[in-house]
Every structure is written in structure tokens, then in C-alpha cells.
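J.: To be precise about what I am sending: the file is called work-v4.pdb and holds PDB, C-alpha atoms.
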```pdb
ATOM      1  CA  MET G   1       7.152   7.103   7.962
ATOM      2  CA  ALA G   2      10.688   5.996   8.718
ATOM      3  CA  ASN G   3      11.603   2.901  10.727
ATOM      4  CA  HIS G   4      12.705   4.883  13.782
ATOM      5  CA  ALA G   5       9.071   5.967  14.228
ATOM      6  CA  LEU G   6       7.932   2.366  14.725
ATOM      7  CA  THR G   7       9.977   1.768  17.863
ATOM      8  CA  ASP G   8      11.954   3.707  20.449
ATOM      9  CA  ASP G   9      14.761   1.128  20.309
ATOM     10  CA  PRO G  10      17.970   3.178  19.865
ATOM     11  CA  ARG G  11      19.483   0.419  17.734
ATOM     12  CA  VAL G  12      17.204   1.512  14.895
ATOM     13  CA  PRO G  13      19.044   4.418  13.244
ATOM     14  CA  LEU G  14      17.346   7.700  12.474
ATOM     15  CA  THR G  15      16.691   8.077   8.786
ATOM     16  CA  ARG G  16      18.924  10.533   6.975
ATOM     17  CA  SER G  17      16.397  11.072   4.193
ATOM     18  CA  TRP G  18      14.016  14.005   3.777
ATOM     19  CA  LEU G  19      10.839  13.744   5.870
ATOM     20  CA  GLY G  20       7.507  15.474   5.320
ATOM     21  CA  SER G  21       6.014  18.305   7.345
ATOM     22  CA  LYS G  22       3.769  15.907   9.321
ATOM     23  CA  CYS G  23       6.740  14.051  10.765
ATOM     24  CA  GLU G  24       6.593  14.120  14.560
ATOM     25  CA  GLY G  25       9.893  15.025  16.173
ATOM     26  CA  CYS G  26      11.428  16.359  12.970
ATOM     27  CA  THR G  27      13.084  19.738  12.445
ATOM     28  CA  ASN G  28      13.371  21.233   8.965
ATOM     29  CA  HIS G  29      12.443  17.842   7.479
ATOM     30  CA  VAL G  30      15.236  16.114   9.391
ATOM     31  CA  ALA G  31      14.637  13.422  12.019
ATOM     32  CA  THR G  32      15.700  14.121  15.606
ATOM     33  CA  GLU G  33      15.813  11.886  18.678
ATOM     34  CA  GLY G  34      12.328  13.157  19.486
ATOM     35  CA  ALA G  35      11.024  11.268  16.462
ATOM     36  CA  ARG G  36      11.803   7.863  17.924
ATOM     37  CA  GLY G  37       8.739   5.747  18.586
ATOM     38  CA  SER G  38       6.307   8.440  17.474
ATOM     39  CA  GLN G  39       4.126   5.819  15.757
ATOM     40  CA  ALA G  40       4.912   2.874  18.051
ATOM     41  CA  THR G  41       1.365   2.611  19.416
ATOM     42  CA  ASN G  42       0.112   2.036  15.867
ATOM     43  CA  TRP G  43       2.644  -0.696  15.156
ATOM     44  CA  PRO G  44       2.273  -3.456  17.800
ATOM     45  CA  LEU G  45       5.581  -5.148  17.056
ATOM     46  CA  ALA G  46       5.510  -7.408  20.136
ATOM     47  CA  GLU G  47       2.023  -8.656  19.272
ATOM     48  CA  ILE G  48       2.984  -9.269  15.640
ATOM     49  CA  VAL G  49       5.939 -11.405  16.726
ATOM     50  CA  ALA G  50       3.926 -13.172  19.423
ATOM     51  CA  ARG G  51       1.412 -14.229  16.777
ATOM     52  CA  GLY G  52       4.205 -15.929  14.844
ATOM     53  CA  TYR G  53       4.862 -13.250  12.250
ATOM     54  CA  ALA G  54       7.866 -11.086  11.436
ATOM     55  CA  LEU G  55       7.839  -7.504  10.209
ATOM     56  CA  ALA G  56      10.271  -6.060   7.683
ATOM     57  CA  ALA G  57       9.829  -2.325   7.147
ATOM     58  CA  PHE G  58      11.475   0.294   4.979
ATOM     59  CA  TYR G  59      10.978   4.028   4.517
ATOM     60  CA  SER G  60       9.553   4.776   1.090
ATOM     61  CA  GLY G  61      11.290   8.164   1.145
ATOM     62  CA  ASP G  62      14.615   6.331   0.951
ATOM     63  CA  ILE G  63      13.501   5.068  -2.480
ATOM     64  CA  ASP G  64      12.030   8.344  -3.715
ATOM     65  CA  SER G  65      11.185  11.312  -1.527
ATOM     66  CA  ASP G  66       7.649  12.624  -1.583
ATOM     67  CA  ARG G  67       8.376  15.979  -3.233
ATOM     68  CA  ALA G  68       7.012  17.409  -6.460
ATOM     69  CA  ASP G  69      10.109  19.467  -7.292
ATOM     70  CA  VAL G  70      12.809  16.945  -6.333
ATOM     71  CA  SER G  71      13.557  13.579  -7.878
ATOM     72  CA  ASP G  72      16.097  11.678  -5.831
ATOM     73  CA  GLY G  73      16.697   8.109  -4.705
ATOM     74  CA  ILE G  74      16.348   5.403  -7.346
ATOM     75  CA  TYR G  75      15.480   7.788 -10.184
ATOM     76  CA  ALA G  76      18.538   9.956  -9.536
ATOM     77  CA  TRP G  77      20.661   6.803  -9.508
ATOM     78  CA  LEU G  78      19.142   5.569 -12.768
ATOM     79  CA  ALA G  79      19.811   8.964 -14.360
ATOM     80  CA  GLY G  80      23.478   8.682 -13.478
ATOM     81  CA  GLY G  81      23.541  12.230 -12.124
ATOM     82  CA  ASN G  82      22.260  13.694 -15.391
ATOM     83  CA  PRO G  83      19.416  16.165 -14.619
ATOM     84  CA  ALA G  84      18.193  15.975 -18.207
ATOM     85  CA  ARG G  85      17.298  12.334 -17.604
ATOM     86  CA  ASN G  86      15.616  12.926 -14.250
ATOM     87  CA  ASN G  87      12.644  15.281 -14.604
ATOM     88  CA  PRO G  88      10.846  15.558 -11.215
ATOM     89  CA  THR G  89       7.493  16.045 -12.956
ATOM     90  CA  ASN G  90       7.802  12.971 -15.133
ATOM     91  CA  ARG G  91       8.339  10.055 -12.814
ATOM     92  CA  GLY G  92       6.255   7.415 -11.068
ATOM     93  CA  THR G  93       6.842   7.583  -7.343
ATOM     94  CA  LEU G  94       4.464   4.738  -6.521
ATOM     95  CA  ALA G  95       6.240   2.541  -9.050
ATOM     96  CA  ALA G  96       9.544   3.318  -7.337
ATOM     97  CA  TRP G  97       8.097   2.496  -3.942
ATOM     98  CA  ALA G  98       6.750  -0.808  -5.308
ATOM     99  CA  TRP G  99      10.276  -1.546  -6.553
ATOM    100  CA  GLY G 100      11.362  -1.071  -2.921
ATOM    101  CA  PHE G 101       8.893  -3.753  -1.812
ATOM    102  CA  HIS G 102      10.404  -6.122  -4.357
ATOM    103  CA  ARG G 103      13.921  -5.548  -3.108
ATOM    104  CA  CYS G 104      12.783  -6.324   0.434
ATOM    105  CA  VAL G 105      11.314  -9.587  -0.810
ATOM    106  CA  ASP G 106      14.639 -10.365  -2.504
ATOM    107  CA  TYR G 107      16.196 -10.395   0.951
ATOM    108  CA  LEU G 108      13.361 -12.114   2.804
ATOM    109  CA  ILE G 109      13.440 -15.201   0.605
ATOM    110  CA  THR G 110      17.095 -15.725   1.546
ATOM    111  CA  GLU G 111      16.313 -15.756   5.277
ATOM    112  CA  PRO G 112      15.831 -19.378   6.458
ATOM    113  CA  SER G 113      13.447 -18.357   9.261
ATOM    114  CA  VAL G 114      11.011 -16.783   6.777
ATOM    115  CA  ASP G 115       8.401 -18.936   5.057
ATOM    116  CA  MET G 116       8.777 -17.676   1.499
ATOM    117  CA  ARG G 117       5.274 -18.934   0.666
ATOM    118  CA  ARG G 118       3.772 -16.549   3.194
ATOM    119  CA  ILE G 119       4.936 -13.018   2.461
ATOM    120  CA  ALA G 120       2.427 -10.169   2.762
ATOM    121  CA  ALA G 121       2.671  -6.542   1.663
ATOM    122  CA  VAL G 122       1.218  -3.899   3.971
ATOM    123  CA  GLY G 123       0.656  -0.255   3.122
ATOM    124  CA  HIS G 124      -1.376   2.756   4.173
ATOM    125  CA  SER G 125      -2.757   5.560   1.971
ATOM    126  CA  ARG G 126      -0.612   5.845  -1.156
ATOM    127  CA  ASN G 127       1.558   3.091   0.237
ATOM    128  CA  GLY G 128      -1.640   1.024   0.291
ATOM    129  CA  LYS G 129      -1.879   1.516  -3.448
ATOM    130  CA  THR G 130       1.845   0.742  -3.635
ATOM    131  CA  ALA G 131       1.362  -2.557  -1.803
ATOM    132  CA  LEU G 132      -1.271  -3.584  -4.367
ATOM    133  CA  LEU G 133       1.011  -2.537  -7.221
ATOM    134  CA  ALA G 134       3.941  -4.430  -5.724
ATOM    135  CA  ALA G 135       1.882  -7.616  -5.404
ATOM    136  CA  ALA G 136       0.509  -7.295  -8.932
ATOM    137  CA  PHE G 137       4.041  -7.481 -10.323
ATOM    138  CA  ASP G 138       5.611  -9.942  -7.873
ATOM    139  CA  GLU G 139       4.027 -13.352  -7.357
ATOM    140  CA  ARG G 140       6.227 -13.953  -4.330
ATOM    141  CA  ILE G 141       3.895 -11.613  -2.411
ATOM    142  CA  THR G 142       0.978 -13.864  -1.493
ATOM    143  CA  MET G 143      -1.165 -11.487   0.540
ATOM    144  CA  VAL G 144      -1.880  -7.755   0.546
ATOM    145  CA  PHE G 145      -3.230  -5.497   3.273
ATOM    146  CA  SER G 146      -4.186  -2.218   1.645
ATOM    147  CA  THR G 147      -5.508   0.556   3.868
ATOM    148  CA  SER G 148      -5.679   2.726   0.810
ATOM    149  CA  GLY G 149      -6.512   6.333   0.174
ATOM    150  CA  ARG G 150      -9.293   7.784  -1.909
ATOM    151  CA  LEU G 151      -8.548   6.556  -5.438
ATOM    152  CA  ARG G 152     -11.793   5.233  -6.867
ATOM    153  CA  TRP G 153     -10.118   2.522  -8.960
ATOM    154  CA  LEU G 154     -12.497   0.994 -11.514
ATOM    155  CA  CYS G 155     -15.304   3.370 -10.519
ATOM    156  CA  ALA G 156     -13.412   6.506 -11.532
ATOM    157  CA  ASP G 157     -15.821   7.120 -14.382
ATOM    158  CA  ARG G 158     -19.177   6.490 -12.697
ATOM    159  CA  SER G 159     -19.232   8.030  -9.219
ATOM    160  CA  LYS G 160     -18.517  11.452  -7.787
ATOM    161  CA  ALA G 161     -17.590   9.994  -4.424
ATOM    162  CA  GLY G 162     -13.993   9.882  -3.289
ATOM    163  CA  GLN G 163     -11.141  11.236  -5.352
ATOM    164  CA  SER G 164     -10.460  11.175  -9.068
ATOM    165  CA  VAL G 165      -7.148  10.423 -10.751
ATOM    166  CA  GLN G 166      -6.912  14.054 -11.864
ATOM    167  CA  ASN G 167      -7.494  15.264  -8.316
ATOM    168  CA  ILE G 168      -4.777  12.951  -7.010
ATOM    169  CA  ASN G 169      -2.330  14.272  -9.598
ATOM    170  CA  GLU G 170      -3.140  17.865  -8.699
ATOM    171  CA  HIS G 171      -2.703  17.357  -4.951
ATOM    172  CA  PHE G 172      -0.071  14.600  -4.903
ATOM    173  CA  ARG G 173       2.201  15.535  -7.754
ATOM    174  CA  THR G 174       4.417  12.481  -7.351
ATOM    175  CA  GLY G 175       1.716   9.915  -8.144
ATOM    176  CA  SER G 176       2.315   7.196 -10.706
ATOM    177  CA  THR G 177      -0.929   7.956 -12.572
ATOM    178  CA  ARG G 178      -0.033  11.445 -13.798
ATOM    179  CA  SER G 179      -0.030  10.636 -17.509
ATOM    180  CA  SER G 180      -3.575   9.284 -17.379
ATOM    181  CA  SER G 181      -5.228  12.410 -15.964
ATOM    182  CA  ASN G 182      -5.912  14.435 -19.097
ATOM    183  CA  SER G 183      -8.479  12.228 -20.794
ATOM    184  CA  ARG G 184     -11.450  10.569 -19.192
ATOM    185  CA  ARG G 185     -11.166   7.691 -21.637
ATOM    186  CA  THR G 186      -7.448   7.293 -20.968
ATOM    187  CA  ARG G 187      -7.983   7.573 -17.231
ATOM    188  CA  THR G 188     -10.687   4.910 -17.162
ATOM    189  CA  ALA G 189      -8.757   2.557 -19.448
ATOM    190  CA  ALA G 190      -5.614   2.930 -17.347
ATOM    191  CA  VAL G 191      -7.408   2.144 -14.103
ATOM    192  CA  ARG G 192      -9.225  -0.811 -15.642
ATOM    193  CA  SER G 193      -5.999  -2.134 -17.132
ATOM    194  CA  ALA G 194      -4.242  -1.881 -13.781
ATOM    195  CA  LEU G 195      -7.106  -3.639 -12.046
ATOM    196  CA  SER G 196      -7.258  -6.426 -14.631
ATOM    197  CA  ARG G 197      -3.532  -7.029 -14.516
ATOM    198  CA  GLY G 198      -3.470  -6.956 -10.734
ATOM    199  CA  SER G 199      -6.403  -9.359 -10.531
ATOM    200  CA  VAL G 200      -4.870 -11.900 -12.890
ATOM    201  CA  ARG G 201      -1.446 -11.827 -11.293
ATOM    202  CA  ALA G 202      -2.917 -11.773  -7.788
ATOM    203  CA  ALA G 203      -5.368 -14.598  -8.447
ATOM    204  CA  ALA G 204      -5.056 -17.428  -5.929
ATOM    205  CA  ARG G 205      -3.755 -14.872  -3.471
ATOM    206  CA  ALA G 206      -5.495 -12.995  -0.679
ATOM    207  CA  VAL G 207      -6.253  -9.283  -0.605
ATOM    208  CA  LEU G 208      -7.748  -7.405   2.320
ATOM    209  CA  GLN G 209      -9.079  -3.919   1.529
ATOM    210  CA  ARG G 210      -9.711  -1.784   4.616
ATOM    211  CA  ARG G 211     -11.249   1.630   4.304
ATOM    212  CA  ARG G 212     -13.292   4.311   5.962
ATOM    213  CA  ARG G 213     -12.571   8.004   5.998
ATOM    214  CA  PRO G 214     -14.467  11.167   5.113
ATOM    215  CA  GLY G 215     -14.243  11.744   1.377
ATOM    216  CA  SER G 216     -13.430   8.126   0.576
ATOM    217  CA  ASN G 217     -15.519   5.810  -1.543
ATOM    218  CA  PRO G 218     -15.846   2.461   0.263
ATOM    219  CA  ALA G 219     -18.737   1.417  -1.978
ATOM    220  CA  GLY G 220     -16.588   1.917  -5.066
ATOM    221  CA  GLN G 221     -13.761  -0.076  -3.532
ATOM    222  CA  PHE G 222     -16.171  -2.890  -2.712
ATOM    223  CA  GLU G 223     -17.252  -2.854  -6.378
ATOM    224  CA  VAL G 224     -13.614  -3.321  -7.364
ATOM    225  CA  LEU G 225     -13.461  -6.527  -5.340
ATOM    226  CA  GLN G 226     -16.711  -7.646  -6.946
ATOM    227  CA  ALA G 227     -15.152  -6.994 -10.365
ATOM    228  CA  ALA G 228     -12.082  -9.058  -9.444
ATOM    229  CA  ASP G 229     -14.149 -11.943  -8.077
ATOM    230  CA  PRO G 230     -14.833 -13.627 -11.487
ATOM    231  CA  VAL G 231     -11.113 -13.735 -12.266
ATOM    232  CA  TYR G 232     -10.381 -15.592  -9.050
ATOM    233  CA  ARG G 233     -13.226 -18.041  -9.652
ATOM    234  CA  PHE G 234     -12.177 -18.591 -13.267
ATOM    235  CA  LEU G 235      -8.816 -19.762 -11.938
ATOM    236  CA  GLY G 236     -10.515 -22.126  -9.519
ATOM    237  CA  VAL G 237     -10.217 -20.340  -6.194
ATOM    238  CA  GLU G 238     -12.535 -18.463  -3.898
ATOM    239  CA  GLY G 239     -12.983 -14.761  -4.556
ATOM    240  CA  LEU G 240     -15.337 -12.447  -2.681
ATOM    241  CA  THR G 241     -18.061 -14.257  -0.735
ATOM    242  CA  ALA G 242     -19.959 -11.161   0.375
ATOM    243  CA  LYS G 243     -22.764 -10.060  -1.933
ATOM    244  CA  VAL G 244     -23.350  -6.726  -0.225
ATOM    245  CA  MET G 245     -21.083  -4.349   1.665
ATOM    246  CA  PRO G 246     -20.629  -5.442   5.281
ATOM    247  CA  PRO G 247     -21.424  -3.170   8.213
ATOM    248  CA  GLN G 248     -18.578  -1.440  10.024
ATOM    249  CA  ARG G 249     -16.169  -3.691  11.900
ATOM    250  CA  GLN G 250     -17.396  -6.883  10.261
ATOM    251  CA  LEU G 251     -14.555  -8.600   8.436
ATOM    252  CA  VAL G 252     -15.265 -10.383   5.161
ATOM    253  CA  GLU G 253     -12.859 -13.294   5.524
ATOM    254  CA  SER G 254     -12.926 -14.686   1.989
ATOM    255  CA  ARG G 255      -9.792 -14.706  -0.179
ATOM    256  CA  LEU G 256     -10.802 -11.244  -1.335
ATOM    257  CA  GLY G 257     -11.438  -9.665   2.042
ATOM    258  CA  TYR G 258     -12.977  -6.364   3.049
ATOM    259  CA  TYR G 259     -13.243  -4.398   6.263
ATOM    260  CA  ILE G 260     -14.587  -0.959   7.171
ATOM    261  CA  ARG G 261     -13.942   0.883  10.386
ATOM    262  CA  GLU G 262     -14.682   4.384  11.564
ATOM    263  CA  GLY G 263     -11.947   6.828  12.427
ATOM    264  CA  LYS G 264      -9.269   9.025  10.971
ATOM    265  CA  HIS G 265      -6.990   8.416   8.016
ATOM    266  CA  SER G 266      -4.528   6.171   9.795
ATOM    267  CA  MET G 267      -3.414   2.615  10.418
ATOM    268  CA  THR G 268      -3.759   1.533  14.033
ATOM    269  CA  ALA G 269      -3.094  -1.400  16.342
ATOM    270  CA  ASP G 270      -6.746  -2.378  15.923
ATOM    271  CA  ASP G 271      -6.190  -2.633  12.176
ATOM    272  CA  TRP G 272      -3.213  -4.884  12.785
ATOM    273  CA  ALA G 273      -5.428  -7.224  14.818
ATOM    274  CA  VAL G 274      -7.681  -7.522  11.755
ATOM    275  CA  PHE G 275      -4.666  -8.116   9.500
ATOM    276  CA  LEU G 276      -3.337 -10.891  11.720
ATOM    277  CA  ASN G 277      -6.718 -12.574  12.045
ATOM    278  CA  PHE G 278      -7.157 -12.475   8.279
ATOM    279  CA  ALA G 279      -3.677 -13.919   7.714
ATOM    280  CA  ASP G 280      -4.305 -16.678  10.265
ATOM    281  CA  ARG G 281      -7.481 -17.696   8.468
ATOM    282  CA  GLN G 282      -6.090 -17.572   4.938
ATOM    283  CA  TRP G 283      -2.793 -19.292   5.601
ATOM    284  CA  ARG G 284      -4.328 -21.984   7.799
ATOM    285  CA  ARG G 285      -6.420 -23.007   4.798
ATOM    286  CA  GLU G 286      -3.380 -23.865   2.681
TER
END
```
Turn this file's structure into C-alpha cells for me.

T.:
Amino acid sequence: MANHALTDDPRVPLTRSWLGSKCEGCTNHVATEGARGSQATNWPLAEIVARGYALAAFYSGDIDSDRADVSDGIYAWLAGGNPARNNPTNRGTLAAWAWGFHRCVDYLITEPSVDMRRIAAVGHSRNGKTALLAAAFDERITMVFSTSGRLRWLCADRSKAGQSVQNINEHFRTGSTRSSSNSRRTRTAAVRSALSRGSVRAAARAVLQRRRRPGSNPAGQFEVLQAADPVYRFLGVEGLTAKVMPPQRQLVESRLGYYIREGKHSMTADDWAVFLNFADRQWRRE
């Protein structure tokens, strides 16, 4: 979702990058004036600012477009225009998007009005996974709001709920986990390694996992937070206080937070209210 979809302010330029088929107000994958503000109701910018926060957004498609047969953006630049060095089927799109988060942080820490100790990463669906990945490799990101998709994380080898790594690779051919899909052992080890690394690097930081959609695995995602809890406590900070999954619309407000709500696969203004409340609580404690 490009920035022009977040607001109808004409000062925000239309993206010139390729846009997916679900883009509202787009023609032949190109943004038109009709695309302005198409997601504005889901991004309450005035409320975010009124609560004392700022929002910096970028379009992940500017970093690497979401296409299985095209590799552009950062990978094309790294290849120096040499197609032999830029195979569309052999790249990690989520890794590229996480790199985009890091470059945004590079700028934010130079802005005097931004408290560099309080930078959060926000992402939905695969960008939710990207936000977690970005925080795992950048300690300047001190909070993560992940409204993630159906990856079952640590539980990929013990539950049929949700979506496996192999299924993600087959349906979303630009995922960063492609190489781990052929072997169950490799798949499980890769997911566990990613979780362990993310937990250690994210320790002493806050993570809010929000999830509910048909076909998802909220129980498995709750187990991931339970698995990360000992790492946080080993390093002397609070982890996950909840012992059992909470009911819908009850926020677990510990450093490792969790929230479930009904509804479609989306991120809404109601979700933002939860994000802001969670941030208020966590950052007031410091």
C-alpha cells in the first residue's frame, strides 16, 4: 500500500512503482488520482499525531515489487543491471523490505523532534513479518506491532492450523523463506533459528502480536510468545504475563503483548487504538 492511499492530501505524490491487483483506484497496476485516500479510514493520522506520535511510512513495493517473475528495486540496483546476478526466483523480498525499515530509521534518528529511544515498527500481513525481521536486526527499533499473516512460526512442525512455510512459498513466491521449504527438518530449524535470534536481539523491547482471521493459527502464535518469554526473563525484564490465551479484544499489556480481534484480514483504526494504548503503557514505564 503506497503512501498516497493513507491520505487524500494532494501534497503526497502518487507512487510510480508497480501496484498489485487489489489496489483501489489503480489502472493496469498504476496509481491514479482515484487511489488517493483509499485506506485513510484505516490509518487515523490525526489521532496518531494527537496522541503525541509521528508516523513515517514507505511503500514496500518501492524497495522490491511483489512479483514472482520480476526482481526490481534494491536487488536490481545491487546487481548493477546484470540479469545473471538478479534471479527473480532466488531473492528474499521480506529481507529487502526489512532493509527499507532500517533506512527509514537512519533518517528518523537525525530528526531532532523524534525521540530515538522510542521508534516502533508497524506492519500488516507479510509486512507484519517484515516488521519483526527489521526489529530483530536493528536494536534502534524498540517496539513492534505485527498484525501478521498465517505463518505458524515455531509451531510449523506440530500443528496443521494456519499456513506452512511451503504453502507460503507456493502462494507468495517472493517470500524470504523459500530455501527452507523442501525439508521439514530444515524448515523447522530455520523458523526456530529466526525466532531465537529475534528474541535475543529484541529482548528488553516490546512486541505486540495481533491476530485473528480464518485460516490463521492464533494459538500457535501465542505459543511463540511463550517460547520467547524465558529469553526476556533471563535478561532481567518482563516477558509474557499471560499464562493462557486471552479472549477476543482483551489486550495482554506485558512487554510481550498479545491481542485477538474478530474481522477480516486487515489493519483498522481500532487496531491503531490498541497500538497506541500499548505504546503509552510500555513507554511510560521507562

J.: Could you expand the PyMOL selection byres ((chain G and resi 98) around 9) into the explicit residues it covers here, written as a VMD selection string?

T.: chain G and resid 60 93 to 97 99 to 103 127 130 to 135 137

J.: So what does the PyMOL selection byres ((chain G and resi 271-284) around 10) actually pick up in this one, as a ChimeraX atom specification?

T.: /G:42-45,47-48,51-53,117-118,120,122,142-147,205-208,210,249-255,257-261,266-270,285-286

J.: Given only C-alpha atoms as the basis, pick out the residue of G:Arg67, G:Arg36, G:Lys22, G:Arg140 nearest to G:Pro10.

T.: G:Arg36

J.: Can you work out which one of G:Thr241, G:Asn86, G:Asn3, G:Gln39 has the shortest atom-to-atom distance to G:Asp229, counting all atoms listed in the file?

T.: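 Smallest separation from G:Asp229 among the options: G:Thr241.
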
J.: Just to confirm, what's the straight-line distance from atom CA of G:Ala136 to atom CA of G:Tyr232 in Å (one decimal)?

T.: 13.7 Å

J.: Please indicate the distance in Å from atom CA of G:Arg16 to atom CA of G:Leu78, rounded to one decimal place.

T.: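 Taking atom CA of G:Arg16 and atom CA of G:Leu78, their separation equals 20.4 Å.
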
J.: Determine the residue membership of the PyMOL selection byres ((chain G and resi 1) around 9) for the file above and supply it as a PyMOL selection string.

T.: chain G and resi 2-6+19-20+23+39+58-61

J.: Could you tell me which of G:Asn87, G:Leu256, G:Pro112, G:Asp72 comes closest to G:Glu238 if we count all atoms listed in the file?

T.: G:Leu256

J.: Atom CA of G:Gln221 to atom CA of G:Glu262: how many Å, to one decimal?

T.: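 Pair atom CA of G:Gln221 / atom CA of G:Glu262 returns 15.8 Å.
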
J.: Which is closer to G:Asn90 than all the others in G:Asp69, G:Asp115, G:Asp8, G:Glu139, using all atoms listed in the file?

T.: G:Asp69

J.: Give the centre and edge lengths of an axis-aligned box, in Å to one decimal, that holds all listed atoms of stretch 245-257 of chain G with 6 Å on each side, as lines of an AutoDock Vina configuration file.

T.:
```
center_x = -15.6
center_y = -8.1
center_z = 5.3
size_x = 23.6
size_y = 25.3
size_z = 25.2
```

J.: Pick out the closest residue to G:Asp62 from this set: G:Ser17, G:Thr41, G:Thr89, G:Asn28. Count only C-alpha atoms.

T.: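 Nearest to G:Asp62: G:Ser17.
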
J.: Which polymer residues have any atom within 10 Å of an atom of G:Ala54, counting all atoms listed in the file, with same-chain residues fewer than 5 positions away left out, as a PyMOL selection string?

T.: chain G and resi 45-46+48-49+113-114+119

J.: Counting all atoms listed in the file, which of G:Gly263, G:Pro246, G:Gly37, G:Gly73 gets nearest to G:Asp9?

T.: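 Ranked by minimum distance to G:Asp9, first place goes to G:Gly37.
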